[in-house]
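For reference, the structure is listed below as C-alpha cells.
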Amino acid sequence: MGNIDDAVSITVAVLIVLTVGFVQEQRSEKSLEALSKLVPHHCHLIRDGKPLHMLANELVPGDIVTFTTGDRVPADVRLISAVDLEVDESSLTGETTTRRKDTEPCTPMGAGNGYANGTGTGNGNGYGVPAGEPVALAERSCIAYMGTLVRNGECSGYGSRCDER
C-alpha cells in the first residue's frame with residue numbers, strides 16, 4: 001500500500017491542470033466576446049432598389065445582400081448571382097477547405113434516372129442525392145450560411161434568416 005502517496009500526487013496534479021485549463025478557457029471566451037462587441041458586423045445590401053451599407057443586425061428577410069472577398073455573411077442567404085464564389089464554412093462544418101457556391105437549385109428535381117438534375121450526380125456538385133430526398137444542409141451549394149466567410153468571388157442573394165444564433 002505504498003502507492004497511496006503516488007496516487008494522491010497524481011490526483012492533485014490532474015486537478016491543478018484541469019483548474020488552470022478551465023480558467024484559461026473562461027478568460028479567452030470573455031476576451032473573444034469583448035472583441036466581437038468592439039467590431040460591429042456591417043453588410044452591403046439593396047433595399048427598395050437603393051444600395052445601402054448598414055449594420056448586419058438591421059437586415060430584414062427579403063433584403064438583397066451583396067458580398068465580395070473578405071466579407072462575413074450576416075444571415076442565411078439564398079444566392080441569386082455568384083461569380084467564382086468560394087465560402088469558408090469551417091466554423092459550421094469543421095472542414096478545412098472552402099466550398100464552391102452557385103445559384104443552381106439545391107433541392108432534388110426527380111429526374112428520370114433517379115437522381116436530381118438528371119445528371120446522376122445529385123445536386124450537381126458530385127453528391128449522389130436520390131430524387132425526392134432532401135439535400136443535407138452541408139451539401140447545399142445555393143445557400144451561404146450566417147457567420148461564414150467569403151474567401152473568393154462575389155455574389156448577391158436574398159436574406160432569409162437574419163436573427164442572431
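How things are named: the first chain in the C-alpha cells is A, the next is B, and so on; residues count from 1 in each chain; ligands count from 1 in the order shown.
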
Just list as a list in words whatever in stretch 21-81 of chain A DSSP marks as helix (DSSP H, G or I). Gly21, Phe22, Val23, Gln24, Glu25, Gln26, Arg27, Ser28, Glu29, Lys30, Ser31, Leu32, Glu33, Ala34, Leu35, Ser36, Lys37, Leu38, Ala56, Asn57 and Glu58 of chain A

If you count only C-alpha atoms, which residues fall within 12 Å of A:Ala75, apart from same-chain ones fewer than 3 positions away, as a PDB file with N, CA and C atoms, in the first residue's frame?
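Result file selection.pdb:
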ATOM      1  N   HIS A  41     -20.608  44.077 -37.077  1.00  0.00           N
ATOM      2  CA  HIS A  41     -20.679  43.481 -38.394  1.00  0.00           C
ATOM      3  C   HIS A  41     -21.525  44.353 -39.319  1.00  0.00           C
ATOM      4  N   HIS A  42     -20.934  44.722 -40.453  1.00  0.00           N
ATOM      5  CA  HIS A  42     -21.611  45.547 -41.445  1.00  0.00           C
ATOM      6  C   HIS A  42     -21.938  44.689 -42.656  1.00  0.00           C
ATOM      7  N   CYS A  43     -22.875  45.157 -43.468  1.00  0.00           N
ATOM      8  CA  CYS A  43     -23.180  44.449 -44.708  1.00  0.00           C
ATOM      9  C   CYS A  43     -23.611  45.455 -45.774  1.00  0.00           C
ATOM     10  N   HIS A  44     -23.432  45.036 -47.016  1.00  0.00           N
ATOM     11  CA  HIS A  44     -23.895  45.819 -48.162  1.00  0.00           C
ATOM     12  C   HIS A  44     -25.175  45.164 -48.656  1.00  0.00           C
ATOM     13  N   LEU A  45     -26.201  45.969 -48.882  1.00  0.00           N
ATOM     14  CA  LEU A  45     -27.462  45.396 -49.321  1.00  0.00           C
ATOM     15  C   LEU A  45     -28.207  46.347 -50.235  1.00  0.00           C
ATOM     16  N   LEU A  55     -25.493  48.176 -40.480  1.00  0.00           N
ATOM     17  CA  LEU A  55     -25.177  47.112 -39.534  1.00  0.00           C
ATOM     18  C   LEU A  55     -25.955  45.854 -39.890  1.00  0.00           C
ATOM     19  N   ALA A  56     -25.333  44.723 -39.681  1.00  0.00           N
ATOM     20  CA  ALA A  56     -25.952  43.449 -40.046  1.00  0.00           C
ATOM     21  C   ALA A  56     -27.213  43.166 -39.230  1.00  0.00           C
ATOM     22  N   ASN A  57     -27.306  43.674 -38.024  1.00  0.00           N
ATOM     23  CA  ASN A  57     -28.500  43.402 -37.217  1.00  0.00           C
ATOM     24  C   ASN A  57     -29.712  44.202 -37.691  1.00  0.00           C
ATOM     25  N   GLU A  58     -29.543  45.111 -38.652  1.00  0.00           N
ATOM     26  CA  GLU A  58     -30.664  45.853 -39.223  1.00  0.00           C
ATOM     27  C   GLU A  58     -31.197  45.197 -40.494  1.00  0.00           C
ATOM     28  N   LEU A  59     -30.618  44.080 -40.868  1.00  0.00           N
ATOM     29  CA  LEU A  59     -31.025  43.334 -42.055  1.00  0.00           C
ATOM     30  C   LEU A  59     -32.365  42.656 -41.795  1.00  0.00           C
ATOM     31  N   VAL A  60     -33.268  42.684 -42.786  1.00  0.00           N
ATOM     32  CA  VAL A  60     -34.569  42.020 -42.659  1.00  0.00           C
ATOM     33  C   VAL A  60     -34.719  40.996 -43.784  1.00  0.00           C
ATOM     34  N   PRO A  61     -35.519  39.945 -43.567  1.00  0.00           N
ATOM     35  CA  PRO A  61     -35.722  38.959 -44.631  1.00  0.00           C
ATOM     36  C   PRO A  61     -36.249  39.621 -45.900  1.00  0.00           C
ATOM     37  N   GLY A  62     -35.684  39.223 -47.033  1.00  0.00           N
ATOM     38  CA  GLY A  62     -36.085  39.794 -48.306  1.00  0.00           C
ATOM     39  C   GLY A  62     -35.115  40.833 -48.847  1.00  0.00           C
ATOM     40  N   ASP A  63     -34.230  41.373 -47.992  1.00  0.00           N
ATOM     41  CA  ASP A  63     -33.196  42.283 -48.475  1.00  0.00           C
ATOM     42  C   ASP A  63     -32.260  41.522 -49.401  1.00  0.00           C
ATOM     43  N   ILE A  64     -31.766  42.194 -50.422  1.00  0.00           N
ATOM     44  CA  ILE A  64     -30.772  41.592 -51.297  1.00  0.00           C
ATOM     45  C   ILE A  64     -29.406  41.984 -50.756  1.00  0.00           C
ATOM     46  N   VAL A  65     -28.668  40.985 -50.290  1.00  0.00           N
ATOM     47  CA  VAL A  65     -27.359  41.195 -49.678  1.00  0.00           C
ATOM     48  C   VAL A  65     -26.291  40.927 -50.727  1.00  0.00           C
ATOM     49  N   THR A  66     -25.255  41.780 -50.769  1.00  0.00           N
ATOM     50  CA  THR A  66     -24.150  41.578 -51.709  1.00  0.00           C
ATOM     51  C   THR A  66     -22.865  41.333 -50.925  1.00  0.00           C
ATOM     52  N   PHE A  67     -22.012  40.437 -51.462  1.00  0.00           N
ATOM     53  CA  PHE A  67     -20.760  40.066 -50.804  1.00  0.00           C
ATOM     54  C   PHE A  67     -19.617  40.133 -51.791  1.00  0.00           C
ATOM     55  N   ASP A  71     -15.764  39.383 -46.959  1.00  0.00           N
ATOM     56  CA  ASP A  71     -16.973  39.714 -46.208  1.00  0.00           C
ATOM     57  C   ASP A  71     -17.446  38.530 -45.383  1.00  0.00           C
ATOM     58  N   ARG A  72     -18.032  38.826 -44.228  1.00  0.00           N
ATOM     59  CA  ARG A  72     -18.663  37.797 -43.404  1.00  0.00           C
ATOM     60  C   ARG A  72     -20.157  37.811 -43.744  1.00  0.00           C
ATOM     61  N   ARG A  78     -30.011  32.989 -49.696  1.00  0.00           N
ATOM     62  CA  ARG A  78     -30.255  32.178 -50.898  1.00  0.00           C
ATOM     63  C   ARG A  78     -29.653  32.937 -52.066  1.00  0.00           C
ATOM     64  N   LEU A  79     -28.646  32.352 -52.718  1.00  0.00           N
ATOM     65  CA  LEU A  79     -27.895  33.055 -53.759  1.00  0.00           C
ATOM     66  C   LEU A  79     -28.720  33.227 -55.027  1.00  0.00           C
ATOM     67  N   ILE A 143     -26.832  28.141 -50.925  1.00  0.00           N
ATOM     68  CA  ILE A 143     -27.080  28.940 -49.733  1.00  0.00           C
ATOM     69  C   ILE A 143     -25.753  29.267 -49.055  1.00  0.00           C
ATOM     70  N   ALA A 144     -25.577  30.540 -48.704  1.00  0.00           N
ATOM     71  CA  ALA A 144     -24.436  30.963 -47.883  1.00  0.00           C
ATOM     72  C   ALA A 144     -24.972  31.132 -46.468  1.00  0.00           C
ATOM     73  N   TYR A 145     -24.302  30.506 -45.511  1.00  0.00           N
ATOM     74  CA  TYR A 145     -24.806  30.488 -44.145  1.00  0.00           C
ATOM     75  C   TYR A 145     -24.210  31.599 -43.288  1.00  0.00           C
ATOM     76  N   MET A 146     -25.023  32.072 -42.345  1.00  0.00           N
ATOM     77  CA  MET A 146     -24.637  33.142 -41.435  1.00  0.00           C
ATOM     78  C   MET A 146     -23.349  32.792 -40.693  1.00  0.00           C
ATOM     79  N   GLY A 147     -22.426  33.744 -40.631  1.00  0.00           N
ATOM     80  CA  GLY A 147     -21.188  33.563 -39.899  1.00  0.00           C
ATOM     81  C   GLY A 147     -20.051  32.988 -40.720  1.00  0.00           C
ATOM     82  N   THR A 148     -20.323  32.561 -41.961  1.00  0.00           N
ATOM     83  CA  THR A 148     -19.254  32.039 -42.800  1.00  0.00           C
ATOM     84  C   THR A 148     -18.531  33.198 -43.481  1.00  0.00           C
ATOM     85  N   LEU A 149     -17.388  32.907 -44.086  1.00  0.00           N
ATOM     86  CA  LEU A 149     -16.540  33.946 -44.647  1.00  0.00           C
ATOM     87  C   LEU A 149     -16.354  33.733 -46.149  1.00  0.00           C
ATOM     88  N   GLY A 157     -27.707  37.765 -52.902  1.00  0.00           N
ATOM     89  CA  GLY A 157     -28.775  36.827 -52.599  1.00  0.00           C
ATOM     90  C   GLY A 157     -29.777  37.433 -51.646  1.00  0.00           C
ATOM     91  N   TYR A 158     -30.885  36.709 -51.471  1.00  0.00           N
ATOM     92  CA  TYR A 158     -31.951  37.152 -50.581  1.00  0.00           C
ATOM     93  C   TYR A 158     -31.660  36.677 -49.169  1.00  0.00           C
ATOM     94  N   GLY A 159     -31.694  37.602 -48.214  1.00  0.00           N
ATOM     95  CA  GLY A 159     -31.529  37.233 -46.811  1.00  0.00           C
ATOM     96  C   GLY A 159     -32.767  36.501 -46.332  1.00  0.00           C
ATOM     97  N   SER A 160     -32.562  35.352 -45.675  1.00  0.00           N
ATOM     98  CA  SER A 160     -33.716  34.582 -45.238  1.00  0.00           C
ATOM     99  C   SER A 160     -33.802  34.461 -43.726  1.00  0.00           C
ATOM    100  N   ARG A 161     -32.689  34.141 -43.053  1.00  0.00           N
ATOM    101  CA  ARG A 161     -32.667  34.057 -41.595  1.00  0.00           C
ATOM    102  C   ARG A 161     -31.731  35.120 -41.090  1.00  0.00           C
ATOM    103  N   CYS A 162     -32.267  36.119 -40.415  1.00  0.00           N
ATOM    104  CA  CYS A 162     -31.461  37.265 -40.028  1.00  0.00           C
ATOM    105  C   CYS A 162     -31.282  37.365 -38.513  1.00  0.00           C
ATOM    106  N   ASP A 163     -31.825  36.407 -37.759  1.00  0.00           N
ATOM    107  CA  ASP A 163     -31.690  36.508 -36.311  1.00  0.00           C
ATOM    108  C   ASP A 163     -30.314  36.038 -35.870  1.00  0.00           C
ATOM    109  N   GLU A 164     -29.863  36.553 -34.714  1.00  0.00           N
ATOM    110  CA  GLU A 164     -28.557  36.134 -34.201  1.00  0.00           C
ATOM    111  C   GLU A 164     -28.726  34.785 -33.532  1.00  0.00           C
ATOM    112  N   ARG A 165     -27.887  33.815 -33.967  1.00  0.00           N
ATOM    113  CA  ARG A 165     -27.975  32.475 -33.394  1.00  0.00           C
ATOM    114  C   ARG A 165     -26.804  32.211 -32.518  1.00  0.00           C
TER     115      ARG A 165
END

Interatomic distance (Å, one decimal) between atom CA of A:Thr93 and atom CA of A:Ala138: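 So the answer is 7.2 Å.
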
So how far away is atom CA of A:His53 from atom CA of A:Thr103, in Å?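 According to the coordinates, atom CA of A:Thr103 and atom CA of A:His53 are separated by 23.7 Å.
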
With only C-alpha atoms as the counted atoms, please give the residues lying no more than 8 Å from A:Cys106, apart from itself and same-chain residues fewer than 6 positions off, as a list in words.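 Result of the neighbour search: Asn123, Val135, Arg140, Ser141 and Cys142 of chain A.
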
Kindly give the distance, in Å, that separates atom CA of A:Ile4 and atom CA of A:Val17, rounded to a single decimal.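 Distance reported for this atom pair: 20.1 Å.
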
Leaving out stretch 151-154 of chain A and any residue of its chain fewer than 6 positions from it, which residues lie within 9 Å of it when counting only C-alpha atoms, given as a PDB file with N, CA and C atoms, in the first residue's frame?
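The resulting selection_36.pdb:
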ATOM      1  N   THR A  66     -25.255  41.780 -50.769  1.00  0.00           N
ATOM      2  CA  THR A  66     -24.150  41.578 -51.709  1.00  0.00           C
ATOM      3  C   THR A  66     -22.865  41.333 -50.925  1.00  0.00           C
ATOM      4  N   PHE A  67     -22.012  40.437 -51.462  1.00  0.00           N
ATOM      5  CA  PHE A  67     -20.760  40.066 -50.804  1.00  0.00           C
ATOM      6  C   PHE A  67     -19.617  40.133 -51.791  1.00  0.00           C
ATOM      7  N   THR A  68     -18.442  40.396 -51.273  1.00  0.00           N
ATOM      8  CA  THR A  68     -17.199  40.266 -52.040  1.00  0.00           C
ATOM      9  C   THR A  68     -16.185  39.553 -51.152  1.00  0.00           C
ATOM     10  N   THR A  69     -15.014  39.302 -51.672  1.00  0.00           N
ATOM     11  CA  THR A  69     -13.975  38.594 -50.935  1.00  0.00           C
ATOM     12  C   THR A  69     -13.687  39.285 -49.604  1.00  0.00           C
ATOM     13  N   GLY A  70     -13.649  38.494 -48.526  1.00  0.00           N
ATOM     14  CA  GLY A  70     -13.353  39.017 -47.194  1.00  0.00           C
ATOM     15  C   GLY A  70     -14.563  39.370 -46.367  1.00  0.00           C
ATOM     16  N   ASP A  71     -15.764  39.383 -46.959  1.00  0.00           N
ATOM     17  CA  ASP A  71     -16.973  39.714 -46.208  1.00  0.00           C
ATOM     18  C   ASP A  71     -17.446  38.530 -45.383  1.00  0.00           C
ATOM     19  N   SER A  81     -27.060  35.383 -57.570  1.00  0.00           N
ATOM     20  CA  SER A  81     -25.969  35.542 -58.527  1.00  0.00           C
ATOM     21  C   SER A  81     -24.664  35.241 -57.803  1.00  0.00           C
ATOM     22  N   ALA A  82     -23.747  34.579 -58.521  1.00  0.00           N
ATOM     23  CA  ALA A  82     -22.460  34.229 -57.928  1.00  0.00           C
ATOM     24  C   ALA A  82     -21.412  34.133 -59.022  1.00  0.00           C
ATOM     25  N   VAL A  83     -20.246  34.730 -58.765  1.00  0.00           N
ATOM     26  CA  VAL A  83     -19.125  34.684 -59.702  1.00  0.00           C
ATOM     27  C   VAL A  83     -17.910  34.135 -58.957  1.00  0.00           C
ATOM     28  N   ASP A  84     -17.459  32.937 -59.331  1.00  0.00           N
ATOM     29  CA  ASP A  84     -16.291  32.284 -58.711  1.00  0.00           C
ATOM     30  C   ASP A  84     -16.365  32.318 -57.188  1.00  0.00           C
ATOM     31  N   LEU A  85     -17.512  32.018 -56.637  1.00  0.00           N
ATOM     32  CA  LEU A  85     -17.727  32.155 -55.202  1.00  0.00           C
ATOM     33  C   LEU A  85     -17.215  30.938 -54.441  1.00  0.00           C
ATOM     34  N   GLU A  86     -16.370  31.200 -53.447  1.00  0.00           N
ATOM     35  CA  GLU A  86     -15.892  30.177 -52.519  1.00  0.00           C
ATOM     36  C   GLU A  86     -16.092  30.708 -51.105  1.00  0.00           C
ATOM     37  N   VAL A  87     -16.705  29.873 -50.259  1.00  0.00           N
ATOM     38  CA  VAL A  87     -17.047  30.281 -48.902  1.00  0.00           C
ATOM     39  C   VAL A  87     -16.366  29.346 -47.908  1.00  0.00           C
ATOM     40  N   ASP A  88     -15.793  29.920 -46.862  1.00  0.00           N
ATOM     41  CA  ASP A  88     -15.164  29.154 -45.790  1.00  0.00           C
ATOM     42  C   ASP A  88     -16.236  28.820 -44.762  1.00  0.00           C
ATOM     43  N   THR A  98     -12.418  25.318 -48.621  1.00  0.00           N
ATOM     44  CA  THR A  98     -13.543  26.196 -48.929  1.00  0.00           C
ATOM     45  C   THR A  98     -14.555  25.442 -49.779  1.00  0.00           C
TER      46      THR A  98
END
